[in-house]
$ cat entry_34.cif   # mmCIF, C-alpha atoms
data_target
loop_
_atom_site.label_atom_id
_atom_site.label_comp_id
_atom_site.auth_asym_id
_atom_site.auth_seq_id
_atom_site.Cartn_x
_atom_site.Cartn_y
_atom_site.Cartn_z
CA MET Y 9 -49.44 -39.11 13.00
CA ASN Y 10 -47.07 -37.52 15.50
CA GLU Y 11 -44.45 -40.13 14.68
CA LEU Y 12 -44.77 -39.35 10.96
CA PHE Y 13 -44.46 -35.65 11.66
CA GLU Y 14 -41.40 -36.14 13.83
CA GLU Y 15 -39.84 -38.41 11.20
CA ALA Y 16 -40.44 -35.82 8.46
CA ALA Y 17 -39.05 -33.03 10.66
CA GLY Y 18 -36.01 -35.15 11.41
CA ALA Y 19 -35.44 -35.84 7.71
CA ALA Y 20 -35.76 -32.13 6.92
CA ALA Y 21 -33.25 -31.29 9.62
CA GLU Y 22 -30.82 -33.85 8.18
CA VAL Y 23 -31.19 -32.38 4.69
CA LYS Y 24 -30.61 -28.88 6.09
CA ALA Y 25 -27.53 -30.03 7.96
CA MET Y 26 -26.17 -31.73 4.83
CA PHE Y 27 -26.75 -28.59 2.78
CA GLU Y 28 -25.09 -26.37 5.39
CA GLU Y 29 -22.11 -28.72 5.50
CA ALA Y 30 -21.81 -28.69 1.71
CA ALA Y 31 -22.17 -24.89 1.60
CA GLY Y 32 -19.53 -24.52 4.28
CA ALA Y 33 -17.13 -26.76 2.37
CA ALA Y 34 -17.77 -24.78 -0.83
CA ALA Y 35 -17.16 -21.49 0.96
CA GLU Y 36 -13.92 -22.80 2.45
CA ASP Y 37 -12.74 -23.92 -0.99
CA MET Y 38 -13.40 -20.41 -2.36
CA LYS Y 39 -11.28 -18.65 0.27
CA GLY Y 40 -8.17 -17.08 -1.19
CA LYS Y 41 -9.36 -17.46 -4.79
CA VAL Y 42 -9.58 -14.39 -7.01
CA ALA Y 43 -10.33 -14.39 -10.73
CA LEU Y 44 -8.42 -11.81 -12.78
CA VAL Y 45 -9.28 -10.97 -16.37
CA ARG Y 46 -7.53 -8.32 -18.44
CA CYS Y 47 -9.90 -5.70 -19.84
CA GLU Y 48 -8.41 -2.64 -21.51
CA SER Y 49 -11.50 -0.56 -22.25
CA TYR Y 50 -15.05 0.12 -21.14
CA ALA Y 51 -16.42 -0.92 -24.53
CA ARG Y 52 -19.59 -2.83 -23.73
CA GLU Y 53 -18.65 -6.09 -25.41
CA HIS Y 54 -15.23 -6.11 -23.73
CA VAL Y 55 -16.64 -5.54 -20.26
CA GLU Y 56 -19.40 -8.10 -20.67
CA MET Y 57 -16.91 -10.73 -21.79
CA ALA Y 58 -14.50 -9.90 -18.97
CA VAL Y 59 -17.15 -10.07 -16.24
CA ALA Y 60 -18.61 -13.32 -17.59
CA LYS Y 61 -15.13 -14.86 -17.89
CA ALA Y 62 -14.17 -13.83 -14.36
CA VAL Y 63 -17.27 -15.50 -12.92
CA GLU Y 64 -16.64 -18.55 -15.10
CA LEU Y 65 -13.10 -18.84 -13.71
CA LEU Y 66 -14.64 -19.06 -10.22
CA GLY Y 67 -16.73 -22.01 -11.39
CA GLY Y 68 -19.77 -20.12 -12.65
CA LEU Y 69 -22.70 -18.58 -10.81
CA ASP Y 70 -23.90 -21.95 -9.49
CA SER Y 71 -20.58 -22.53 -7.72
CA VAL Y 72 -20.44 -18.94 -6.51
CA PHE Y 73 -23.91 -19.03 -5.02
CA ALA Y 74 -23.41 -22.51 -3.55
CA ALA Y 75 -20.53 -21.09 -1.51
CA GLY Y 76 -22.76 -18.44 0.05
CA GLY Y 77 -25.17 -20.61 2.03
CA LYS Y 78 -28.87 -20.13 1.26
CA PRO Y 79 -29.84 -21.37 -2.24
CA LEU Y 80 -30.89 -18.69 -4.70
CA THR Y 81 -33.74 -19.13 -7.16
CA ALA Y 82 -35.02 -17.07 -10.07
CA GLY Y 83 -37.29 -15.20 -7.66
CA SER Y 84 -34.64 -14.43 -5.06
CA ARG Y 85 -34.35 -10.72 -4.23
CA ILE Y 86 -30.80 -9.81 -5.28
CA VAL Y 87 -29.35 -6.37 -4.63
CA LEU Y 88 -26.57 -4.96 -6.82
CA LYS Y 89 -24.39 -2.71 -4.67
CA PRO Y 90 -22.11 -0.47 -6.79
CA ASN Y 91 -19.89 2.29 -5.39
CA LEU Y 92 -22.00 5.46 -5.53
CA LEU Y 93 -19.86 7.68 -3.32
CA ALA Y 94 -20.77 10.94 -5.00
CA LYS Y 95 -22.24 12.45 -8.15
CA THR Y 96 -19.26 12.36 -10.51
CA GLU Y 97 -18.70 11.50 -14.15
CA PRO Y 98 -17.63 7.90 -14.86
CA ASP Y 99 -14.24 8.97 -16.26
CA ARG Y 100 -13.28 10.43 -12.87
CA ALA Y 101 -12.89 6.84 -11.58
CA CYS Y 102 -14.68 7.73 -8.34
CA THR Y 103 -17.62 5.35 -8.74
CA THR Y 104 -18.30 1.97 -10.30
CA HIS Y 105 -18.34 2.42 -14.06
CA PRO Y 106 -21.86 2.02 -15.51
CA GLU Y 107 -20.67 -0.55 -18.05
CA VAL Y 108 -19.36 -2.82 -15.27
CA PHE Y 109 -22.66 -2.43 -13.41
CA ARG Y 110 -24.56 -3.24 -16.58
CA ALA Y 111 -22.44 -6.30 -17.31
CA VAL Y 112 -23.13 -7.77 -13.87
CA GLY Y 113 -26.85 -7.08 -14.08
CA LYS Y 114 -27.10 -8.55 -17.57
CA LEU Y 115 -25.16 -11.67 -16.57
CA LEU Y 116 -27.57 -12.32 -13.71
CA GLN Y 117 -30.62 -11.75 -15.90
CA THR Y 118 -29.23 -14.05 -18.60
CA ARG Y 119 -28.91 -16.80 -15.97
CA GLY Y 120 -32.54 -16.35 -14.91
CA PHE Y 121 -32.19 -14.02 -11.92
CA ASP Y 122 -34.61 -11.22 -12.70
CA ASN Y 123 -35.76 -9.99 -9.27
CA LEU Y 124 -32.97 -7.45 -9.04
CA ARG Y 125 -32.60 -4.14 -7.23
CA TYR Y 126 -29.69 -1.73 -6.95
CA GLY Y 127 -28.49 1.08 -4.74
CA ASP Y 128 -25.98 2.44 -2.24
CA SER Y 129 -25.81 4.88 0.64
CA PRO Y 130 -23.84 7.86 -0.78
CA GLY Y 131 -21.10 9.60 1.16
CA SER Y 132 -23.27 12.62 1.98
CA PRO Y 133 -26.42 11.82 4.00
CA VAL Y 134 -28.26 14.77 2.43
CA THR Y 135 -27.75 13.57 -1.14
CA ARG Y 136 -30.47 11.46 -2.76
CA VAL Y 137 -29.37 8.08 -4.07
CA SER Y 138 -31.26 8.63 -7.33
CA ALA Y 139 -29.37 11.87 -8.02
CA VAL Y 140 -26.00 10.20 -7.51
CA ALA Y 141 -26.99 7.18 -9.60
CA GLU Y 142 -28.11 9.45 -12.41
CA GLY Y 143 -24.99 11.61 -12.26
CA CYS Y 144 -22.71 8.56 -12.36
CA GLY Y 145 -24.49 6.98 -15.33
CA ILE Y 146 -25.67 3.97 -13.31
CA LYS Y 147 -29.36 4.89 -13.42
CA GLU Y 148 -29.44 4.96 -17.23
CA GLU Y 149 -28.03 1.43 -17.43
CA ALA Y 150 -30.26 0.16 -14.64
CA ASP Y 151 -33.31 1.58 -16.39
CA SER Y 152 -32.28 -0.03 -19.67
CA LEU Y 153 -32.16 -3.41 -17.94
CA GLY Y 154 -35.39 -2.81 -16.01
CA ILE Y 155 -33.63 -2.90 -12.62
CA PRO Y 156 -35.35 -0.56 -10.13
CA LEU Y 157 -33.65 1.49 -7.44
CA GLY Y 158 -33.99 -0.20 -4.07
CA ARG Y 159 -34.89 1.28 -0.70
CA PHE Y 160 -31.62 2.84 0.40
CA GLU Y 161 -33.13 5.97 1.97
CA SER Y 162 -34.71 4.26 4.96
CA GLY Y 163 -33.09 2.02 7.54
CA THR Y 164 -33.67 -0.88 9.92
CA ARG Y 165 -31.74 -1.86 13.04
CA VAL Y 166 -30.28 -5.35 12.67
CA ASP Y 167 -28.74 -7.00 15.73
CA PHE Y 168 -25.52 -8.93 15.31
CA ALA Y 169 -24.61 -10.71 18.53
CA GLN Y 170 -21.55 -12.31 16.88
CA GLY Y 171 -19.96 -8.92 16.27
CA LYS Y 172 -16.45 -8.36 17.60
CA ALA Y 173 -16.59 -4.57 17.39
CA CYS Y 174 -20.26 -3.84 16.72
CA ASP Y 175 -23.32 -5.77 17.93
CA SER Y 176 -25.86 -4.02 15.69
CA PHE Y 177 -26.09 -1.98 12.50
CA ILE Y 178 -28.68 0.36 10.97
CA LEU Y 179 -28.85 -1.16 7.50
CA CYS Y 180 -30.60 0.31 4.50
CA ASP Y 181 -33.91 -1.53 4.21
CA GLU Y 182 -33.03 -3.00 0.83
CA ALA Y 183 -29.81 -4.52 2.17
CA ALA Y 184 -31.54 -5.79 5.31
CA GLU Y 185 -34.26 -7.59 3.32
CA ALA Y 186 -32.16 -8.91 0.43
CA ASP Y 187 -31.73 -12.62 -0.21
CA ALA Y 188 -28.30 -11.79 -1.62
CA VAL Y 189 -26.04 -8.79 -2.18
CA ILE Y 190 -23.68 -8.54 -5.14
CA ASN Y 191 -20.86 -6.12 -4.33
CA ILE Y 192 -19.68 -4.19 -7.43
CA CYS Y 193 -16.78 -2.18 -6.03
CA LYS Y 194 -14.18 0.22 -7.43
CA MET Y 195 -10.38 -0.06 -7.20
CA LYS Y 196 -9.35 3.11 -5.35
CA THR Y 197 -7.02 4.53 -2.75
CA HIS Y 198 -8.39 5.64 0.61
CA GLN Y 199 -6.86 8.04 3.12
CA LEU Y 200 -8.04 6.15 6.23
CA GLU Y 201 -7.56 2.52 5.17
CA ARG Y 202 -4.98 3.01 2.35
CA ILE Y 203 -7.27 1.30 -0.18
CA THR Y 204 -10.99 0.89 -0.63
CA GLY Y 205 -12.24 -2.14 -2.48
CA ALA Y 206 -14.52 -5.05 -1.65
CA VAL Y 207 -14.52 -4.93 2.17
CA LYS Y 208 -14.98 -1.16 2.43
CA ASN Y 209 -17.66 -0.93 -0.28
CA THR Y 210 -20.05 -2.90 1.94
CA PHE Y 211 -20.17 0.18 4.18
CA GLY Y 212 -22.71 1.57 1.72
CA CYS Y 213 -25.24 -0.89 3.15
CA VAL Y 214 -25.29 1.23 6.33
CA PHE Y 215 -28.10 3.77 6.26
CA GLY Y 216 -27.43 7.48 5.81
CA ILE Y 217 -26.28 9.48 8.82
CA ASN Y 218 -25.28 6.31 10.65
CA LYS Y 219 -22.20 6.14 8.43
CA GLY Y 220 -20.90 9.39 9.90
CA ALA Y 221 -21.73 8.15 13.40
CA SER Y 222 -19.69 5.03 12.69
CA HIS Y 223 -16.68 7.16 11.75
CA ALA Y 224 -16.98 9.01 15.05
CA ARG Y 225 -17.43 5.82 17.07
CA PHE Y 226 -14.70 3.85 15.29
CA ALA Y 227 -12.23 6.67 14.82
CA THR Y 228 -8.97 4.83 14.08
CA PRO Y 229 -8.16 2.80 10.96
CA GLU Y 230 -7.95 -0.37 13.06
CA THR Y 231 -11.26 0.01 14.95
CA PHE Y 232 -13.03 1.12 11.77
CA ALA Y 233 -11.68 -1.97 10.00
CA ARG Y 234 -12.94 -4.24 12.79
CA MET Y 235 -16.40 -2.71 12.39
CA LEU Y 236 -16.24 -3.29 8.62
CA ALA Y 237 -15.30 -6.92 9.18
CA ASP Y 238 -18.39 -7.36 11.36
CA LEU Y 239 -20.52 -5.68 8.71
CA ASN Y 240 -19.23 -8.05 6.04
CA ARG Y 241 -19.98 -11.05 8.26
CA LEU Y 242 -23.53 -9.74 8.68
CA VAL Y 243 -24.33 -8.74 5.09
CA LYS Y 244 -22.33 -11.61 3.52
CA PRO Y 245 -22.25 -10.46 -0.11
CA ARG Y 246 -22.44 -13.53 -2.35
CA LEU Y 247 -20.10 -12.20 -5.04
CA HIS Y 248 -17.63 -9.35 -5.35
CA ILE Y 249 -16.77 -7.79 -8.71
CA MET Y 250 -14.06 -5.11 -8.75
CA ASP Y 251 -13.89 -2.49 -11.49
CA GLY Y 252 -10.15 -2.04 -11.95
CA ILE Y 253 -10.15 -1.07 -15.62
CA VAL Y 254 -9.46 2.51 -14.62
CA ALA Y 255 -8.61 2.80 -10.92
CA MET Y 256 -8.07 5.83 -8.70
CA GLU Y 257 -4.67 6.59 -7.19
CA GLY Y 258 -3.37 9.32 -4.93
CA ASN Y 259 -5.89 11.49 -3.05
CA GLY Y 260 -8.72 8.94 -3.14
CA PRO Y 261 -11.46 7.92 -2.70
CA ARG Y 262 -12.94 10.96 -4.48
CA SER Y 263 -10.24 13.47 -5.35
CA GLY Y 264 -7.52 11.19 -6.68
CA SER Y 265 -6.33 10.68 -10.24
CA PRO Y 266 -7.57 8.04 -12.68
CA ARG Y 267 -4.97 5.40 -13.51
CA ARG Y 268 -5.32 2.47 -15.87
CA MET Y 269 -4.98 -0.98 -14.32
CA ASN Y 270 -6.90 -2.81 -17.08
CA VAL Y 271 -8.36 -5.59 -14.91
CA ILE Y 272 -11.66 -6.99 -13.72
CA LEU Y 273 -11.48 -9.01 -10.49
CA ALA Y 274 -14.07 -11.44 -9.12
CA ALA Y 275 -14.20 -13.37 -5.85
CA THR Y 276 -16.43 -14.63 -3.08
CA ASP Y 277 -13.67 -13.71 -0.62
CA PRO Y 278 -13.51 -9.89 -0.26
CA VAL Y 279 -10.30 -9.94 1.77
CA ALA Y 280 -8.50 -11.97 -0.90
CA MET Y 281 -9.76 -9.56 -3.57
CA ASP Y 282 -8.47 -6.53 -1.68
CA ALA Y 283 -5.18 -8.32 -0.97
CA LEU Y 284 -4.70 -8.98 -4.68
CA PHE Y 285 -5.39 -5.29 -5.34
CA CYS Y 286 -2.58 -4.56 -2.86
CA HIS Y 287 -0.18 -6.90 -4.65
CA LEU Y 288 -1.01 -5.31 -8.00
CA VAL Y 289 0.04 -1.88 -6.69
CA TYR Y 290 3.00 -3.23 -4.67
CA LEU Y 291 1.47 -2.44 -1.29
CA LYS Y 292 1.96 -5.00 1.48
CA PRO Y 293 -1.52 -6.46 2.21
CA GLU Y 294 -0.78 -6.68 5.93
CA LEU Y 295 -0.50 -2.87 6.11
CA VAL Y 296 -4.19 -2.53 5.19
CA PRO Y 297 -6.32 -2.73 8.37
CA THR Y 298 -9.37 -4.17 6.57
CA ASN Y 299 -7.25 -7.09 5.37
CA VAL Y 300 -5.90 -7.77 8.86
CA SER Y 301 -9.26 -7.52 10.64
CA GLY Y 302 -11.01 -9.35 7.81
CA MET Y 303 -8.72 -12.36 8.23
CA GLU Y 304 -8.76 -12.27 12.02
CA GLN Y 305 -12.57 -12.15 12.09
CA GLY Y 306 -13.10 -14.87 9.50
CA VAL Y 307 -14.25 -12.78 6.55
CA GLY Y 308 -11.51 -14.07 4.25
CA VAL Y 309 -7.76 -14.47 3.86
CA TRP Y 310 -4.97 -12.26 2.57
CA ARG Y 311 -2.26 -14.93 2.57
CA GLY Y 312 -1.78 -17.74 0.08
CA LEU Y 313 -3.82 -16.20 -2.73
CA ARG Y 314 -4.74 -18.27 -5.77
CA VAL Y 315 -5.13 -16.00 -8.78
CA LEU Y 316 -7.25 -17.57 -11.52
CA THR Y 317 -6.56 -16.24 -15.02
CA GLU Y 318 -7.33 -17.28 -18.57
CA ASP Y 319 -3.72 -18.48 -18.83
CA GLY Y 320 -3.87 -20.60 -15.69
CA GLU Y 321 -3.40 -20.17 -11.95
CA LEU Y 322 -0.82 -17.66 -10.67
CA THR Y 323 0.56 -16.67 -7.31
CA ALA Y 324 -0.04 -13.11 -6.14
CA ASP Y 325 3.57 -12.19 -6.94
CA GLU Y 326 3.29 -13.66 -10.43
CA ALA Y 327 0.07 -11.73 -11.00
CA ALA Y 328 1.75 -8.51 -9.83
CA ALA Y 329 4.67 -9.06 -12.20
CA ARG Y 330 2.29 -9.59 -15.12
CA TYR Y 331 -0.54 -7.14 -14.36
CA GLY Y 332 0.75 -4.80 -11.64
CA ASP Y 333 1.98 -1.21 -11.53
CA ARG Y 334 4.86 -0.26 -9.23
CA ALA Y 335 4.32 3.44 -9.93
CA PHE Y 336 0.72 3.44 -8.64
CA ASN Y 337 0.41 6.24 -6.07
CA VAL Y 338 -0.63 4.67 -2.75
CA GLN Y 339 0.54 4.89 0.88
CA ARG Y 340 3.16 2.15 1.18
CA GLY Y 341 5.03 3.30 4.30
CA ALA Y 342 4.81 1.02 7.34
CA GLU Y 343 4.47 4.08 9.59
CA TYR Y 344 4.13 3.62 13.32
CA ARG Y 345 1.02 1.41 13.28
CA GLY Y 346 2.63 -1.45 11.47
CA GLU Y 347 6.13 -2.85 11.53
CA LEU Y 348 7.58 0.36 13.03
CA ARG Y 349 5.45 0.10 16.18
CA PRO Y 350 8.49 -0.26 18.52
CA ILE Y 351 9.53 3.31 17.71
CA ARG Y 352 6.22 5.00 18.47
CA PHE Y 353 8.04 8.12 19.67
CA LEU Y 354 8.25 8.94 15.95
CA ALA Y 355 4.46 9.12 15.74
CA PRO Y 356 4.24 12.94 15.79
CA LEU Y 357 6.78 13.10 12.99
CA LEU Y 358 4.75 10.66 10.90
CA GLU Y 359 1.49 12.55 11.29
CA LYS Y 360 -0.80 13.29 8.39
CA LYS Y 361 -3.86 15.50 8.45
CA PRO Y 362 -6.45 17.00 6.12
CA VAL Y 363 -5.75 20.52 4.87
CA VAL Y 364 -7.71 22.97 2.74
CA LYS Y 365 -6.40 24.34 -0.52
CA ARG Y 366 -7.77 27.85 -0.13
CA GLU Y 367 -7.52 28.63 -3.81
CA LEU Y 368 -9.89 25.75 -4.61
CA CYS Y 369 -12.33 26.05 -1.71
CA ILE Y 370 -15.68 27.58 -2.74
CA GLY Y 371 -17.21 27.57 0.75
CA CYS Y 372 -19.97 25.11 -0.18
CA GLY Y 373 -19.97 23.45 3.26
CA ALA Y 374 -19.88 19.86 2.01
CA CYS Y 375 -16.94 19.18 4.33
CA VAL Y 376 -18.85 20.57 7.32
CA SER Y 377 -21.86 18.38 6.56
CA ALA Y 378 -19.62 15.33 6.20
CA CYS Y 379 -17.75 15.85 9.49
CA PRO Y 380 -19.07 13.27 12.01
CA VAL Y 381 -17.62 14.96 15.10
CA ASP Y 382 -19.96 16.57 17.64
CA GLY Y 383 -19.37 20.30 17.41
CA LYS Y 384 -17.61 19.79 14.06
CA ALA Y 385 -13.87 19.81 13.46
CA ILE Y 386 -14.25 22.05 10.41
CA SER Y 387 -16.27 25.19 9.82
CA LEU Y 388 -16.73 27.97 7.30
CA GLU Y 389 -15.17 31.29 8.21
CA GLN Y 390 -15.01 34.62 6.44
CA THR Y 391 -11.50 35.39 5.15
CA ALA Y 392 -9.99 37.97 2.85
CA ASP Y 393 -10.64 35.51 0.02
CA GLY Y 394 -14.27 34.85 0.98
CA ARG Y 395 -15.86 32.06 3.00
CA LYS Y 396 -13.40 29.20 3.38
CA ALA Y 397 -13.22 25.96 5.32
CA VAL Y 398 -11.06 26.09 8.45
CA TYR Y 399 -10.02 23.17 10.68
CA ASP Y 400 -10.04 22.83 14.45
CA TYR Y 401 -7.38 20.13 14.64
CA ALA Y 402 -7.96 19.65 18.37
CA ARG Y 403 -11.34 18.13 17.43
CA CYS Y 404 -10.28 16.37 14.21
CA ILE Y 405 -10.31 12.55 14.42
CA LYS Y 406 -8.67 12.22 10.99
CA CYS Y 407 -11.43 10.12 9.47
CA TYR Y 408 -11.04 12.11 6.21
CA CYS Y 409 -14.78 12.27 5.56
CA CYS Y 410 -14.24 15.93 4.63
CA GLN Y 411 -11.62 15.02 2.05
CA GLU Y 412 -13.83 12.23 0.77
CA MET Y 413 -16.84 14.45 0.12
CA CYS Y 414 -15.26 17.71 -1.15
CA PRO Y 415 -16.65 18.25 -4.68
CA GLU Y 416 -13.87 20.70 -5.65
CA GLU Y 417 -10.86 18.56 -4.61
CA ALA Y 418 -10.02 21.39 -2.21
CA VAL Y 419 -9.23 19.07 0.70
CA THR Y 420 -6.09 17.03 0.55
CA VAL Y 421 -3.98 15.14 3.06
CA ARG Y 422 -0.70 16.70 4.14
CA LYS Y 423 2.04 14.35 5.30
CA SER Y 424 5.14 15.24 7.23
CA LEU Y 425 8.47 14.94 5.43
CA LEU Y 426 9.25 11.75 7.35
CA ALA Y 427 5.89 10.26 6.41
CA ARG Y 428 6.50 11.06 2.74
CA ILE Y 429 9.91 9.40 2.94
CA ALA Y 430 8.26 6.42 4.67
CA ASP Y 431 5.77 5.99 1.87
CA ARG Y 432 8.54 5.95 -0.70
CA LYS Y 433 11.31 4.11 1.08
CA TRP Y 434 10.21 2.01 4.05
CA ARG Y 435 9.16 -1.28 2.50
CA ILE Y 436 10.34 -3.37 5.40
#
$ encode --input "entry_34.cif" --output "structure tokens"
Amino acid sequence: MNELFEEAAGAAAEVKAMFEEAAGAAAEDMKGKVALVRCESYAREHVEMAVAKAVELLGGLDSVFAAGGKPLTAGSRIVLKPNLLAKTEPDRACTTHPEVFRAVGKLLQTRGFDNLRYGDSPGSPVTRVSAVAEGCGIKEEADSLGIPLGRFESGTRVDFAQGKACDSFILCDEAAEADAVINICKMKTHQLERITGAVKNTFGCVFGINKGASHARFATPETFARMLADLNRLVKPRLHIMDGIVAMEGNGPRSGSPRRMNVILAATDPVAMDALFCHLVYLKPELVPTNVSGMEQGVGVWRGLRVLTEDGELTADEAAARYGDRAFNVQRGAEYRGELRPIRFLAPLLEKKPVVKRELCIGCGACVSACPVDGKAISLEQTADGRKAVYDYARCIKCYCCQEMCPEEAVTVRKSLLARIADRKWRI
């Protein structure tokens, strides 16, 4: 009997090893691949067709899920993770558009995956997920599909011994217990990391106030990016869908301007997806810390992209020529962190910092709540114009959480003259 048991256990181990080898090969084949489908409106039928076509270009859901490791069945608990940064209308381009969310959920249900949940950890730890989801239009579409809100307002510590920057995370319970996460991100600019897309959107799996603590602990773009790479290796979203129909440029990720890009992107490689976003807006991918750390830590690749379209495979440069926008407002300057590192004495002249537009500030305190610094780097003070936000720049770590969460677009980022010239001219 023992011999039979040992033989069965050995056979099971062999099958597991074969599956893991096949899954690893499938994942390796998916690296660098990004599907791009043109979609020029949020009309339901257009978005549904674009999302379905993008997944089809990757080989279909079976191929996508085979590349992620553990097999998924109809009963697998799958979490849809849109961008729910703040309670804003869909046409502000701050959050994942509800029609893109709906299209992903419907595609999964059509293919037999009906144990779905959704949610995100909003930018403000005092804001309820349900309120943000309702304000963004996501809740209405989720309700229409029968997809309940998951547990994103409680957290669990998850150890990650393989982490390069972080050996544990406090994940939202729903993300910690999911069999798979589908990342439905938004194409936007970001003051800390230049862009926010697939890699950064996974940060919403971190529970509540721990997001602010992460900004304080990982205070530079590079260290924050290394933490995000670890988080992506832990959560391992099985599929990334980027809503780039209307993107956000300029003072993102909340207070920027909507700009049409007319694309839906899909990938299992989040770094490749973000790198293609960079190419489409003529930003060098290697200037984005999440791309660099993501490749160094094995999350994905930003070089040698293979862009899959309905008209055939393109290089990243070919895709940019056909679908890109050179006028997209994004930080393109190399600055002193990148290729200008040898002349670091210029750093003070390249500085940027958050500033308050007094005429727009209503003294609501959202910026104070968002500040992760002990003792706060911003406070409300009485002025001749009423209560206004005021910075203590000696404390400011320039994480831009204040700018990210201001509901009145009263916080912007001021760049020195040299930094502004760098963004326009230094494409070295």
$ axis_aligned_box --input "entry_34.cif" --around "stretch 309-313 of chain Y" --padding-each-side "8 Å" --output "lines of an AutoDock Vina configuration file"
center_x = -4.8
center_y = -15.0
center_z = 0.6
size_x = 22.0
size_y = 21.5
size_z = 22.6
$ closest_residue --input "entry_34.cif" --among "Y:Phe168, Y:Tyr50, Y:Phe285, Y:Phe109" --to "Y:Ile146" --atoms "all atoms listed in the file"
Y:Phe109
$ residues_around --input "entry_34.cif" --residues "Y:Val42" --least-positions-apart "2" --cutoff "8 Å" --atoms "only C-alpha atoms" --output "PyMOL selection string"
chain Y and resi 40+44+66+273-277+280-281+284+313-316
$ atom_distance --input "entry_34.cif" --atom1 "atom CA of Y:Leu247" --atom2 "atom CA of Y:Ile190"
5.1 Å
$ atom_distance --input "entry_34.cif" --atom1 "atom CA of Y:Arg85" --atom2 "atom CA of Y:Glu142"
22.6 Å
$ closest_residue --input "entry_34.cif" --among "Y:Ser71, Y:Ser132, Y:Ser263, Y:Asn91" --to "Y:Ser377" --atoms "only C-alpha atoms"
Y:Ser132
$ resolve_selection --input "entry_34.cif" --expression "the PyMOL selection byres ((chain Y and resi 171-187) around 6)" --output "PDB file with C-alpha atoms, in the frame of the given file"
ATOM      1  CA  SER Y  84     -34.640 -14.430  -5.060  1.00  0.00           C
ATOM      2  CA  ARG Y  85     -34.350 -10.720  -4.230  1.00  0.00           C
ATOM      3  CA  ILE Y  86     -30.800  -9.810  -5.280  1.00  0.00           C
ATOM      4  CA  GLY Y 158     -33.990  -0.200  -4.070  1.00  0.00           C
ATOM      5  CA  ARG Y 159     -34.890   1.280  -0.700  1.00  0.00           C
ATOM      6  CA  PHE Y 160     -31.620   2.840   0.400  1.00  0.00           C
ATOM      7  CA  SER Y 162     -34.710   4.260   4.960  1.00  0.00           C
ATOM      8  CA  GLY Y 163     -33.090   2.020   7.540  1.00  0.00           C
ATOM      9  CA  THR Y 164     -33.670  -0.880   9.920  1.00  0.00           C
ATOM     10  CA  ARG Y 165     -31.740  -1.860  13.040  1.00  0.00           C
ATOM     11  CA  VAL Y 166     -30.280  -5.350  12.670  1.00  0.00           C
ATOM     12  CA  ASP Y 167     -28.740  -7.000  15.730  1.00  0.00           C
ATOM     13  CA  PHE Y 168     -25.520  -8.930  15.310  1.00  0.00           C
ATOM     14  CA  ALA Y 169     -24.610 -10.710  18.530  1.00  0.00           C
ATOM     15  CA  GLN Y 170     -21.550 -12.310  16.880  1.00  0.00           C
ATOM     16  CA  ALA Y 188     -28.300 -11.790  -1.620  1.00  0.00           C
ATOM     17  CA  CYS Y 213     -25.240  -0.890   3.150  1.00  0.00           C
ATOM     18  CA  VAL Y 214     -25.290   1.230   6.330  1.00  0.00           C
ATOM     19  CA  PHE Y 215     -28.100   3.770   6.260  1.00  0.00           C
ATOM     20  CA  ARG Y 234     -12.940  -4.240  12.790  1.00  0.00           C
ATOM     21  CA  MET Y 235     -16.400  -2.710  12.390  1.00  0.00           C
ATOM     22  CA  ASP Y 238     -18.390  -7.360  11.360  1.00  0.00           C
TER      23      ASP Y 238
END
$ closest_residue --input "entry_34.cif" --among "Y:Phe73, Y:Trp310, Y:Tyr408, Y:Phe121" --to "Y:Pro380" --atoms "only C-alpha atoms"
Y:Tyr408
$ atom_distance --input "entry_34.cif" --atom1 "atom CA of Y:Pro278" --atom2 "atom CA of Y:Val55"
20.7 Å
$ residues_around --input "entry_34.cif" --residues "Y:Lys219" --least-positions-apart "6" --cutoff "9 Å" --atoms "only C-alpha atoms" --output "list of chain:residue names"
Y:Ser129, Y:Gly131, Y:Pro133, Y:Phe211, Y:Gly212, Y:Pro380
$ write_last_selection --input "entry_34.cif" --atoms "C-alpha atoms" --output "mmCIF file, in the frame of the given file"
data_model
loop_
_atom_site.group_PDB
_atom_site.id
_atom_site.type_symbol
_atom_site.label_atom_id
_atom_site.label_comp_id
_atom_site.auth_asym_id
_atom_site.auth_seq_id
_atom_site.Cartn_x
_atom_site.Cartn_y
_atom_site.Cartn_z
ATOM 1 C CA SER Y 129 -25.810 4.880 0.640
ATOM 2 C CA GLY Y 131 -21.100 9.600 1.160
ATOM 3 C CA PRO Y 133 -26.420 11.820 4.000
ATOM 4 C CA PHE Y 211 -20.170 0.180 4.180
ATOM 5 C CA GLY Y 212 -22.710 1.570 1.720
ATOM 6 C CA PRO Y 380 -19.070 13.270 12.010
#
$ resolve_selection --input "entry_34.cif" --expression "the PyMOL selection byres ((chain Y and resi 116) around 12)" --output "ChimeraX atom specification"
/Y:56,59-60,63,68-70,73,80-88,109-115,117-125,153,155,190,247
$ resolve_selection --input "entry_34.cif" --expression "the PyMOL selection byres ((chain Y and resi 364) around 9)" --output "ChimeraX atom specification"
/Y:362-363,365-369,396-399,411,418-421
$ closest_residue --input "entry_34.cif" --among "Y:Gly127, Y:Gly205, Y:Gly332, Y:Pro297" --to "Y:Ala237" --atoms "all atoms listed in the file"
Y:Pro297
$ closest_residue --input "entry_34.cif" --among "Y:Pro90, Y:Gly154, Y:Gly264, Y:Gly312" --to "Y:Asn209" --atoms "all atoms listed in the file"
Y:Pro90
$ residues_around --input "entry_34.cif" --residues "Y:Glu230" --least-positions-apart "2" --cutoff "8 Å" --atoms "only C-alpha atoms" --output "PyMOL selection string"
chain Y and resi 228+232-234+297-298+301
